[in-house]
Amino acid sequence: MPSLFKQIKKIFKSDKSSKKAVPTPAPKPVAKPVAEPVAAVVAAPIAKVASTPSHPENTHTNHTFAALAKSDAQLAALADNKYTKAAPASRVAAAKAGLEANGFKVHHVKSRGEAFDTVKSLIPAGASVNNAHSTSLEEIGFVTYLKGQTPWNNVHAQILAESDPSKQAELRRTIGTTVDYYLTSMSAVTEDGKLAHADLSGSKVGGVAFAAANVIVLVGANKIVKDEEEAWTRTNGFALAAESARARDAYGVPASAIVHYEVISRANPMNPGRIQVVLVDDILGF
């Protein structure tokens, strides 16, 4: 028996020794993720949609006709008057043709922004400039523009800088009317091409009639009337009422008045290019 056990033990021993250890495979190296260079993303500037109007802001919004009709009880009855509306395209075209037939140079534009750019383009650098009070010029932002840095000699600013009333009046009479470019509006433009306006002091009528070297007239489509008779009706019955409301608010006086009334029936044949008209397909002034 012992010999049998020895044989069996020997068999098991030889079996174990015949088994070769299987080498454990070395773990494969795990590839570390290589951080790829991230390109810096530069955010392109986003183009902003312009929120500002194409002309400077009107800083006299309390003196538009709509504002005055709300604030002044005497003007309220005219709030929906026909002269607050723009004339149709056919009448605008008739007025333009009439003005040109009478020798005026007309710049017909669609918007207030175009009107601003046109008036600005008509005045050469270095010119002396003055303006009559004009709600139309205020509404296209031109009065605001004149108060800043411009390429012109702004005579209006010099006049307003004089605090003595008598001296200021003398400046209006002298340097105020004899500028290179006088800017204003009209109370009416007829379909047959006549310009009508009025004032109290005479400085506006005087500058437009003769004294200024050049005159630029800005008019909206709400100023167009049939003929000279209706030009007076609009001036006396509508524009005067609106100007009186403005004068009450601005100067504390009871009303304005028509002391001088002028109808310019045609361009001066000796200086036909002197008066230029910027005619706008929009409602401007009163």
# chains A, B, ... in the order shown; residues from 1 in each chain; ligands from 1
>>> closest_atom_pairs(of="segment 173-220 of chain A", to="segment 114-133 of chain A", cutoff="6 Å", atoms="only C-alpha atoms", output="JSON lines")
{"residue": "A:Val179", "atom": "CA", "partner": "A:Ser128", "partner_atom": "CA", "distance": 5.3}
{"residue": "A:Asp180", "atom": "CA", "partner": "A:Ser128", "partner_atom": "CA", "distance": 5.1}
{"residue": "A:Tyr181", "atom": "CA", "partner": "A:Val129", "partner_atom": "CA", "distance": 4.9}
{"residue": "A:Tyr182", "atom": "CA", "partner": "A:Asn130", "partner_atom": "CA", "distance": 5.1}
{"residue": "A:Leu183", "atom": "CA", "partner": "A:Asn131", "partner_atom": "CA", "distance": 4.5}
{"residue": "A:Thr184", "atom": "CA", "partner": "A:Ala132", "partner_atom": "CA", "distance": 5.4}
{"residue": "A:Lys204", "atom": "CA", "partner": "A:Ala132", "partner_atom": "CA", "distance": 5.8}
>>> residues_around(residues="segment 157-164 of chain A", least_positions_apart="4", cutoff="12 Å", atoms="only C-alpha atoms", output="PyMOL selection string")
chain A and resi 128-132+143-150+152-153+168-177
>>> write_last_selection(atoms="N, CA, C and O atoms", output="mmCIF file, in the first residue's frame")
data_model
loop_
_atom_site.group_PDB
_atom_site.id
_atom_site.type_symbol
_atom_site.label_atom_id
_atom_site.label_comp_id
_atom_site.auth_asym_id
_atom_site.auth_seq_id
_atom_site.Cartn_x
_atom_site.Cartn_y
_atom_site.Cartn_z
ATOM 1 N N SER A 128 -22.111 131.717 -44.027
ATOM 2 C CA SER A 128 -22.856 132.240 -42.883
ATOM 3 C C SER A 128 -24.314 131.811 -43.028
ATOM 4 O O SER A 128 -24.877 131.847 -44.127
ATOM 5 N N VAL A 129 -24.911 131.390 -41.910
ATOM 6 C CA VAL A 129 -26.258 130.818 -41.939
ATOM 7 C C VAL A 129 -27.110 131.430 -40.841
ATOM 8 O O VAL A 129 -26.649 131.648 -39.711
ATOM 9 N N ASN A 130 -28.350 131.720 -41.170
ATOM 10 C CA ASN A 130 -29.333 132.118 -40.162
ATOM 11 C C ASN A 130 -30.660 131.469 -40.519
ATOM 12 O O ASN A 130 -30.889 131.099 -41.666
ATOM 13 N N ASN A 131 -31.512 131.320 -39.514
ATOM 14 C CA ASN A 131 -32.835 130.736 -39.773
ATOM 15 C C ASN A 131 -33.910 131.529 -39.061
ATOM 16 O O ASN A 131 -33.717 132.011 -37.931
ATOM 17 N N ALA A 132 -35.027 131.688 -39.745
ATOM 18 C CA ALA A 132 -36.211 132.215 -39.077
ATOM 19 C C ALA A 132 -36.744 131.121 -38.169
ATOM 20 O O ALA A 132 -36.382 129.953 -38.320
ATOM 21 N N VAL A 143 -32.625 122.477 -36.526
ATOM 22 C CA VAL A 143 -32.338 123.468 -35.488
ATOM 23 C C VAL A 143 -31.447 122.840 -34.415
ATOM 24 O O VAL A 143 -30.511 123.469 -33.916
ATOM 25 N N THR A 144 -31.718 121.586 -34.069
ATOM 26 C CA THR A 144 -30.856 120.860 -33.131
ATOM 27 C C THR A 144 -29.440 120.769 -33.690
ATOM 28 O O THR A 144 -28.455 120.984 -32.963
ATOM 29 N N TYR A 145 -29.328 120.450 -34.961
ATOM 30 C CA TYR A 145 -28.020 120.326 -35.599
ATOM 31 C C TYR A 145 -27.264 121.657 -35.571
ATOM 32 O O TYR A 145 -26.046 121.694 -35.309
ATOM 33 N N LEU A 146 -27.960 122.753 -35.832
ATOM 34 C CA LEU A 146 -27.322 124.069 -35.855
ATOM 35 C C LEU A 146 -26.761 124.466 -34.495
ATOM 36 O O LEU A 146 -25.825 125.270 -34.416
ATOM 37 N N LYS A 147 -27.302 123.905 -33.440
ATOM 38 C CA LYS A 147 -26.822 124.242 -32.100
ATOM 39 C C LYS A 147 -25.512 123.541 -31.752
ATOM 40 O O LYS A 147 -24.868 123.869 -30.757
ATOM 41 N N GLY A 148 -25.125 122.558 -32.559
ATOM 42 C CA GLY A 148 -23.874 121.842 -32.334
ATOM 43 C C GLY A 148 -22.769 122.374 -33.225
ATOM 44 O O GLY A 148 -22.800 123.511 -33.704
ATOM 45 N N GLN A 149 -21.772 121.523 -33.454
ATOM 46 C CA GLN A 149 -20.654 121.898 -34.315
ATOM 47 C C GLN A 149 -21.056 121.704 -35.774
ATOM 48 O O GLN A 149 -21.442 120.615 -36.175
ATOM 49 N N THR A 150 -20.960 122.762 -36.553
ATOM 50 C CA THR A 150 -21.286 122.690 -37.978
ATOM 51 C C THR A 150 -20.134 123.298 -38.779
ATOM 52 O O THR A 150 -19.296 124.020 -38.222
ATOM 53 N N TRP A 152 -20.380 125.704 -40.706
ATOM 54 C CA TRP A 152 -20.822 127.040 -41.100
ATOM 55 C C TRP A 152 -20.662 128.049 -39.963
ATOM 56 O O TRP A 152 -20.447 127.694 -38.817
ATOM 57 N N ASN A 153 -20.838 129.310 -40.322
ATOM 58 C CA ASN A 153 -20.877 130.386 -39.340
ATOM 59 C C ASN A 153 -22.339 130.601 -38.948
ATOM 60 O O ASN A 153 -23.114 131.181 -39.696
ATOM 61 N N GLN A 168 -29.964 143.141 -29.718
ATOM 62 C CA GLN A 168 -30.311 141.911 -30.425
ATOM 63 C C GLN A 168 -31.158 142.219 -31.661
ATOM 64 O O GLN A 168 -30.962 141.623 -32.727
ATOM 65 N N ALA A 169 -32.089 143.155 -31.520
ATOM 66 C CA ALA A 169 -32.923 143.547 -32.663
ATOM 67 C C ALA A 169 -32.073 144.127 -33.792
ATOM 68 O O ALA A 169 -32.325 143.882 -34.977
ATOM 69 N N GLU A 170 -31.041 144.897 -33.422
ATOM 70 C CA GLU A 170 -30.159 145.479 -34.428
ATOM 71 C C GLU A 170 -29.360 144.391 -35.146
ATOM 72 O O GLU A 170 -29.146 144.462 -36.367
ATOM 73 N N LEU A 171 -28.939 143.372 -34.405
ATOM 74 C CA LEU A 171 -28.229 142.254 -35.023
ATOM 75 C C LEU A 171 -29.136 141.492 -35.987
ATOM 76 O O LEU A 171 -28.701 141.045 -37.051
ATOM 77 N N ARG A 172 -30.391 141.334 -35.612
ATOM 78 C CA ARG A 172 -31.347 140.666 -36.508
ATOM 79 C C ARG A 172 -31.488 141.443 -37.816
ATOM 80 O O ARG A 172 -31.593 140.861 -38.887
ATOM 81 N N ARG A 173 -31.492 142.784 -37.694
ATOM 82 C CA ARG A 173 -31.672 143.628 -38.879
ATOM 83 C C ARG A 173 -30.442 143.608 -39.767
ATOM 84 O O ARG A 173 -30.563 143.629 -41.005
ATOM 85 N N THR A 174 -29.264 143.544 -39.171
ATOM 86 C CA THR A 174 -28.030 143.664 -39.952
ATOM 87 C C THR A 174 -27.489 142.287 -40.351
ATOM 88 O O THR A 174 -27.737 141.816 -41.451
ATOM 89 N N ILE A 175 -26.775 141.648 -39.452
ATOM 90 C CA ILE A 175 -26.161 140.367 -39.831
ATOM 91 C C ILE A 175 -27.186 139.248 -39.965
ATOM 92 O O ILE A 175 -26.942 138.259 -40.656
ATOM 93 N N GLY A 176 -28.352 139.407 -39.346
ATOM 94 C CA GLY A 176 -29.353 138.335 -39.371
ATOM 95 C C GLY A 176 -29.984 138.102 -40.729
ATOM 96 O O GLY A 176 -30.269 136.964 -41.105
ATOM 97 N N THR A 177 -30.199 139.164 -41.470
ATOM 98 C CA THR A 177 -30.886 139.027 -42.759
ATOM 99 C C THR A 177 -29.937 138.980 -43.951
ATOM 100 O O THR A 177 -30.340 138.585 -45.050
#
>>> closest_residue(among="A:Thr59, A:Gly206, A:Lys167, A:Glu191", to="Ala93 of chain A", atoms="only C-alpha atoms")
A:Glu191
>>> select_by_dssp(residues="segment 29-214 of chain A", states="strand (DSSP E)", output="ChimeraX atom specification")
/A:105-109,128-131,153-154,181-185,188-190,195-199,214
>>> closest_residue(among="A:Ser265, A:Thr190, A:Thr235, A:Asn214", to="Lys96 of chain A", atoms="only C-alpha atoms")
A:Thr190
>>> atom_distance(atom1="atom CA of Val215 of chain A", atom2="atom CA of Ile275 of chain A")
4.7 Å
>>> atom_distance(atom1="atom CA of Gly193 of chain A", atom2="atom CA of Ser90 of chain A")
14.0 Å
>>> atom_distance(atom1="atom CA of Glu100 of chain A", atom2="atom CA of Phe238 of chain A")
26.4 Å
>>> closest_residue(among="A:Ser187, A:Ala245, A:Leu218, A:Ser136", to="His108 of chain A", atoms="only C-alpha atoms")
A:Leu218
>>> select_by_dssp(residues="segment 28-228 of chain A", states="helix (DSSP H, G or I)", output="CSV table (one decimal) with N, CA, C and O atoms, in the first residue's frame")
chain,number,residue,atom,x,y,z
A,61,THR,N,-40.3,119.4,-29.1
A,61,THR,CA,-41.5,118.6,-29.4
A,61,THR,C,-42.8,119.2,-28.8
A,61,THR,O,-43.9,118.9,-29.2
A,62,ASN,N,-42.6,120.0,-27.8
A,62,ASN,CA,-43.8,120.7,-27.2
A,62,ASN,C,-44.4,121.7,-28.1
A,62,ASN,O,-45.5,122.2,-27.8
A,63,HIS,N,-43.7,122.1,-29.2
A,63,HIS,CA,-44.2,123.1,-30.1
A,63,HIS,C,-44.6,122.5,-31.5
A,63,HIS,O,-44.8,123.3,-32.4
A,65,PHE,N,-47.5,120.9,-33.9
A,65,PHE,CA,-48.9,121.3,-33.9
A,65,PHE,C,-49.7,120.3,-33.1
A,65,PHE,O,-50.6,120.8,-32.3
A,66,ALA,N,-49.4,119.0,-33.1
A,66,ALA,CA,-50.1,118.0,-32.3
A,66,ALA,C,-50.0,118.3,-30.9
A,66,ALA,O,-51.0,118.3,-30.1
A,67,ALA,N,-48.8,118.7,-30.4
A,67,ALA,CA,-48.6,119.0,-29.0
A,67,ALA,C,-49.4,120.3,-28.6
A,67,ALA,O,-50.0,120.3,-27.5
A,68,LEU,N,-49.3,121.3,-29.4
A,68,LEU,CA,-49.9,122.6,-29.1
A,68,LEU,C,-51.5,122.4,-29.1
A,68,LEU,O,-52.2,123.0,-28.3
A,69,ALA,N,-52.0,121.6,-30.0
A,69,ALA,CA,-53.4,121.4,-30.0
A,69,ALA,C,-54.0,120.7,-28.8
A,69,ALA,O,-55.1,120.9,-28.4
A,70,LYS,N,-53.1,119.9,-28.1
A,70,LYS,CA,-53.5,119.3,-26.8
A,70,LYS,C,-53.3,120.2,-25.6
A,70,LYS,O,-54.0,120.2,-24.7
A,71,SER,N,-52.3,121.1,-25.7
A,71,SER,CA,-52.0,121.9,-24.6
A,71,SER,C,-52.6,123.3,-24.6
A,71,SER,O,-52.8,123.9,-23.5
A,76,ALA,N,-57.4,123.9,-29.9
A,76,ALA,CA,-58.0,122.5,-29.9
A,76,ALA,C,-59.0,122.3,-31.0
A,76,ALA,O,-59.1,121.2,-31.6
A,77,ALA,N,-59.8,123.3,-31.3
A,77,ALA,CA,-60.8,123.2,-32.4
A,77,ALA,C,-60.2,122.9,-33.7
A,77,ALA,O,-60.9,122.3,-34.6
A,78,LEU,N,-58.9,123.2,-33.9
A,78,LEU,CA,-58.3,123.0,-35.2
A,78,LEU,C,-57.5,121.7,-35.3
A,78,LEU,O,-56.8,121.4,-36.3
A,82,LYS,N,-58.2,120.3,-42.0
A,82,LYS,CA,-57.7,119.7,-43.2
A,82,LYS,C,-56.2,120.1,-43.5
A,82,LYS,O,-55.5,119.4,-44.2
A,83,TYR,N,-55.8,121.2,-42.9
A,83,TYR,CA,-54.4,121.7,-43.2
A,83,TYR,C,-53.4,120.9,-42.3
A,83,TYR,O,-52.2,121.2,-42.4
A,84,THR,N,-53.9,120.0,-41.5
A,84,THR,CA,-53.0,119.1,-40.7
A,84,THR,C,-52.7,117.9,-41.5
A,84,THR,O,-51.9,117.0,-41.1
A,89,ALA,N,-50.4,112.7,-53.7
A,89,ALA,CA,-49.3,112.8,-54.6
A,89,ALA,C,-49.5,113.7,-55.8
A,89,ALA,O,-48.6,114.4,-56.3
A,90,SER,N,-50.8,113.6,-56.3
A,90,SER,CA,-51.1,114.4,-57.5
A,90,SER,C,-51.0,115.9,-57.3
A,90,SER,O,-50.5,116.7,-58.1
A,91,ARG,N,-51.3,116.4,-56.1
A,91,ARG,CA,-51.2,117.8,-55.8
A,91,ARG,C,-49.8,118.2,-55.5
A,91,ARG,O,-49.4,119.3,-55.8
A,92,VAL,N,-49.1,117.3,-54.9
A,92,VAL,CA,-47.6,117.5,-54.6
A,92,VAL,C,-46.9,117.7,-56.0
A,92,VAL,O,-46.1,118.6,-56.2
A,93,ALA,N,-47.2,116.8,-56.9
A,93,ALA,CA,-46.6,116.9,-58.2
A,93,ALA,C,-47.0,118.2,-58.9
A,93,ALA,O,-46.2,118.8,-59.6
A,94,ALA,N,-48.3,118.6,-58.8
A,94,ALA,CA,-48.7,119.9,-59.4
A,94,ALA,C,-47.9,121.1,-58.8
A,94,ALA,O,-47.5,122.0,-59.5
A,95,ALA,N,-47.8,121.1,-57.5
A,95,ALA,CA,-47.0,122.2,-56.8
A,95,ALA,C,-45.6,122.2,-57.3
A,95,ALA,O,-45.0,123.3,-57.6
A,96,LYS,N,-45.0,121.0,-57.4
A,96,LYS,CA,-43.6,121.0,-57.8
A,96,LYS,C,-43.5,121.5,-59.3
A,96,LYS,O,-42.6,122.3,-59.6
A,97,ALA,N,-44.4,121.1,-60.1
A,97,ALA,CA,-44.3,121.6,-61.5
A,97,ALA,C,-44.6,123.1,-61.6
A,97,ALA,O,-43.9,123.8,-62.4
A,98,GLY,N,-45.5,123.6,-60.8
A,98,GLY,CA,-45.8,125.0,-60.7
A,98,GLY,C,-44.6,125.8,-60.3
A,98,GLY,O,-44.2,126.9,-60.8
A,99,LEU,N,-43.9,125.3,-59.2
A,99,LEU,CA,-42.7,126.0,-58.7
A,99,LEU,C,-41.6,126.1,-59.7
A,99,LEU,O,-41.0,127.1,-59.9
A,100,GLU,N,-41.4,125.0,-60.4
A,100,GLU,CA,-40.4,124.9,-61.4
A,100,GLU,C,-40.7,125.8,-62.6
A,100,GLU,O,-39.8,126.5,-63.2
A,101,ALA,N,-42.0,125.8,-63.0
A,101,ALA,CA,-42.4,126.7,-64.1
A,101,ALA,C,-42.1,128.2,-63.7
A,101,ALA,O,-41.9,129.0,-64.6
A,112,ARG,N,-38.4,113.0,-43.8
A,112,ARG,CA,-37.7,114.0,-43.0
A,112,ARG,C,-36.2,113.8,-43.0
A,112,ARG,O,-35.4,114.8,-43.0
A,113,GLY,N,-35.8,112.5,-43.0
A,113,GLY,CA,-34.3,112.3,-43.0
A,113,GLY,C,-33.7,112.8,-44.3
A,113,GLY,O,-32.6,113.3,-44.3
A,114,GLU,N,-34.4,112.5,-45.5
A,114,GLU,CA,-33.9,113.0,-46.7
A,114,GLU,C,-33.9,114.5,-46.8
A,114,GLU,O,-33.0,115.1,-47.4
A,115,ALA,N,-34.9,115.1,-46.2
A,115,ALA,CA,-35.0,116.6,-46.1
A,115,ALA,C,-33.8,117.2,-45.4
A,115,ALA,O,-33.2,118.1,-45.8
A,116,PHE,N,-33.5,116.6,-44.2
A,116,PHE,CA,-32.3,117.0,-43.5
A,116,PHE,C,-31.1,116.9,-44.3
A,116,PHE,O,-30.3,117.9,-44.4
A,117,ASP,N,-30.8,115.8,-44.9
A,117,ASP,CA,-29.6,115.6,-45.7
A,117,ASP,C,-29.6,116.6,-46.9
A,117,ASP,O,-28.5,117.1,-47.2
A,118,THR,N,-30.7,116.8,-47.5
A,118,THR,CA,-30.8,117.7,-48.7
A,118,THR,C,-30.4,119.2,-48.3
A,118,THR,O,-29.6,119.8,-48.9
A,119,VAL,N,-31.1,119.7,-47.2
A,119,VAL,CA,-30.8,121.0,-46.7
A,119,VAL,C,-29.3,121.2,-46.4
A,119,VAL,O,-28.7,122.1,-46.8
A,120,LYS,N,-28.8,120.2,-45.7
A,120,LYS,CA,-27.4,120.2,-45.3
A,120,LYS,C,-26.5,120.3,-46.5
A,120,LYS,O,-25.5,121.0,-46.5
A,121,SER,N,-26.8,119.5,-47.5
A,121,SER,CA,-25.9,119.4,-48.7
A,121,SER,C,-26.0,120.7,-49.5
A,121,SER,O,-25.0,120.9,-50.3
A,135,THR,N,-41.0,125.7,-37.3
A,135,THR,CA,-41.3,124.4,-36.7
A,135,THR,C,-40.9,123.3,-37.6
A,135,THR,O,-40.5,122.2,-37.2
A,136,SER,N,-41.0,123.5,-38.9
A,136,SER,CA,-40.6,122.5,-39.9
A,136,SER,C,-39.1,122.2,-39.8
A,136,SER,O,-38.7,121.0,-39.8
A,137,LEU,N,-38.3,123.2,-39.6
A,137,LEU,CA,-36.8,123.0,-39.5
A,137,LEU,C,-36.5,122.3,-38.1
A,137,LEU,O,-35.6,121.4,-38.0
A,138,GLU,N,-37.3,122.6,-37.1
A,138,GLU,CA,-37.2,121.9,-35.8
A,138,GLU,C,-37.5,120.4,-36.0
A,138,GLU,O,-36.8,119.5,-35.5
A,139,GLU,N,-38.6,120.1,-36.8
A,139,GLU,CA,-39.1,118.7,-36.9
A,139,GLU,C,-38.1,117.8,-37.7
A,139,GLU,O,-38.2,116.6,-37.4
A,142,PHE,N,-33.1,120.0,-37.8
A,142,PHE,CA,-32.0,121.0,-38.3
A,142,PHE,C,-31.7,122.0,-37.3
A,142,PHE,O,-30.5,122.4,-37.2
A,143,VAL,N,-32.6,122.5,-36.5
A,143,VAL,CA,-32.3,123.5,-35.5
A,143,VAL,C,-31.4,122.8,-34.4
A,143,VAL,O,-30.5,123.5,-33.9
A,144,THR,N,-31.7,121.6,-34.1
A,144,THR,CA,-30.9,120.9,-33.1
A,144,THR,C,-29.4,120.8,-33.7
A,144,THR,O,-28.5,121.0,-33.0
A,145,TYR,N,-29.3,120.5,-35.0
A,145,TYR,CA,-28.0,120.3,-35.6
A,145,TYR,C,-27.3,121.7,-35.6
A,145,TYR,O,-26.0,121.7,-35.3
A,146,LEU,N,-28.0,122.8,-35.8
A,146,LEU,CA,-27.3,124.1,-35.9
A,146,LEU,C,-26.8,124.5,-34.5
A,146,LEU,O,-25.8,125.3,-34.4
A,155,VAL,N,-24.9,132.4,-37.5
A,155,VAL,CA,-25.2,133.8,-37.1
A,155,VAL,C,-26.4,133.8,-36.1
A,155,VAL,O,-26.4,134.7,-35.2
A,156,HIS,N,-27.3,132.9,-36.2
A,156,HIS,CA,-28.4,132.8,-35.3
A,156,HIS,C,-27.9,132.7,-33.8
A,156,HIS,O,-28.5,133.3,-32.9
A,157,ALA,N,-26.9,131.9,-33.6
A,157,ALA,CA,-26.3,131.7,-32.3
A,157,ALA,C,-25.7,133.0,-31.8
A,157,ALA,O,-25.8,133.4,-30.6
A,158,GLN,N,-25.1,133.8,-32.7
A,158,GLN,CA,-24.5,135.1,-32.3
A,158,GLN,C,-25.6,136.0,-31.8
A,158,GLN,O,-25.4,136.8,-30.9
A,159,ILE,N,-26.7,136.0,-32.6
A,159,ILE,CA,-27.8,136.9,-32.2
A,159,ILE,C,-28.4,136.6,-30.9
A,159,ILE,O,-28.6,137.5,-30.0
A,160,LEU,N,-28.6,135.3,-30.6
A,160,LEU,CA,-29.3,134.9,-29.4
A,160,LEU,C,-28.3,135.1,-28.2
A,160,LEU,O,-28.8,135.2,-27.0
A,161,ALA,N,-27.0,135.2,-28.4
A,161,ALA,CA,-26.1,135.4,-27.4
A,161,ALA,C,-26.1,136.8,-26.8
A,161,ALA,O,-25.7,137.1,-25.7
A,165,PRO,N,-32.1,143.5,-25.5
A,165,PRO,CA,-33.2,143.4,-26.6
A,165,PRO,C,-32.9,144.4,-27.7
A,165,PRO,O,-33.1,144.0,-28.9
A,166,SER,N,-32.5,145.6,-27.5
A,166,SER,CA,-32.4,146.5,-28.6
A,166,SER,C,-31.2,146.2,-29.4
A,166,SER,O,-31.2,146.3,-30.6
A,167,LYS,N,-30.1,145.7,-28.8
A,167,LYS,CA,-28.9,145.3,-29.5
A,167,LYS,C,-29.2,144.0,-30.3
A,167,LYS,O,-28.7,143.9,-31.4
A,168,GLN,N,-30.0,143.1,-29.7
A,168,GLN,CA,-30.3,141.9,-30.4
A,168,GLN,C,-31.2,142.2,-31.7
A,168,GLN,O,-31.0,141.6,-32.7
A,169,ALA,N,-32.1,143.2,-31.5
A,169,ALA,CA,-32.9,143.5,-32.7
A,169,ALA,C,-32.1,144.1,-33.8
A,169,ALA,O,-32.3,143.9,-35.0
A,170,GLU,N,-31.0,144.9,-33.4
A,170,GLU,CA,-30.2,145.5,-34.4
A,170,GLU,C,-29.4,144.4,-35.1
A,170,GLU,O,-29.1,144.5,-36.4
A,171,LEU,N,-28.9,143.4,-34.4
A,171,LEU,CA,-28.2,142.3,-35.0
A,171,LEU,C,-29.1,141.5,-36.0
A,171,LEU,O,-28.7,141.0,-37.1
A,172,ARG,N,-30.4,141.3,-35.6
A,172,ARG,CA,-31.3,140.7,-36.5
A,172,ARG,C,-31.5,141.4,-37.8
A,172,ARG,O,-31.6,140.9,-38.9
A,173,ARG,N,-31.5,142.8,-37.7
A,173,ARG,CA,-31.7,143.6,-38.9
A,173,ARG,C,-30.4,143.6,-39.8
A,173,ARG,O,-30.6,143.6,-41.0
A,203,SER,N,-38.3,140.6,-40.0
A,203,SER,CA,-37.0,140.0,-40.2
A,203,SER,C,-37.1,138.9,-41.2
A,203,SER,O,-36.2,138.7,-42.0
A,204,LYS,N,-38.1,138.0,-41.1
A,204,LYS,CA,-38.2,136.9,-42.0
A,204,LYS,C,-38.5,137.3,-43.4
A,204,LYS,O,-37.9,136.9,-44.3
A,205,VAL,N,-39.6,138.1,-43.5
A,205,VAL,CA,-40.0,138.6,-44.8
A,205,VAL,C,-38.8,139.4,-45.5
A,205,VAL,O,-38.6,139.2,-46.7
A,206,GLY,N,-38.1,140.2,-44.7
A,206,GLY,CA,-37.0,141.0,-45.3
A,206,GLY,C,-35.9,140.1,-45.8
A,206,GLY,O,-35.3,140.3,-46.9
A,207,GLY,N,-35.5,139.1,-45.0
A,207,GLY,CA,-34.4,138.2,-45.4
A,207,GLY,C,-34.8,137.4,-46.7
A,207,GLY,O,-33.9,137.2,-47.6
A,208,VAL,N,-36.0,136.9,-46.7
A,208,VAL,CA,-36.5,136.1,-47.9
A,208,VAL,C,-36.6,137.0,-49.1
A,208,VAL,O,-36.2,136.6,-50.2
A,209,ALA,N,-37.2,138.1,-49.0
A,209,ALA,CA,-37.5,139.0,-50.1
A,209,ALA,C,-36.2,139.5,-50.9
A,209,ALA,O,-36.2,139.5,-52.1
A,210,PHE,N,-35.2,139.8,-50.1
A,210,PHE,CA,-34.0,140.5,-50.8
A,210,PHE,C,-32.7,140.3,-50.1
A,210,PHE,O,-31.7,140.0,-50.7
A,211,ALA,N,-32.7,140.4,-48.8
A,211,ALA,CA,-31.4,140.7,-48.1
A,211,ALA,C,-30.4,139.5,-48.1
A,211,ALA,O,-29.2,139.7,-48.3
A,221,ALA,N,-45.9,118.5,-47.3
A,221,ALA,CA,-47.1,118.4,-48.2
A,221,ALA,C,-48.4,118.9,-47.6
A,221,ALA,O,-49.4,119.0,-48.3
A,222,ASN,N,-48.4,119.2,-46.3
A,222,ASN,CA,-49.6,119.8,-45.7
A,222,ASN,C,-49.7,121.3,-45.9
A,222,ASN,O,-50.7,121.9,-45.6
A,223,LYS,N,-48.7,121.9,-46.6
A,223,LYS,CA,-48.7,123.3,-46.9
A,223,LYS,C,-49.3,123.6,-48.3
A,223,LYS,O,-49.4,124.8,-48.6
A,228,GLU,N,-53.7,131.3,-54.7
A,228,GLU,CA,-53.2,132.4,-53.8
A,228,GLU,C,-54.3,132.8,-52.8
A,228,GLU,O,-54.0,133.2,-51.7
>>> closest_residue(among="A:Asp249, A:Glu262, A:Glu243, A:Asp282", to="Ala231 of chain A", atoms="only C-alpha atoms")
A:Glu262
>>> closest_residue(among="A:Ala257, A:Asn154, A:Val106, A:Val263", to="Glu229 of chain A", atoms="only C-alpha atoms")
A:Val263
>>> closest_residue(among="A:Gly237, A:Gly220, A:Pro269, A:Gly252", to="Ala87 of chain A", atoms="only C-alpha atoms")
A:Gly220
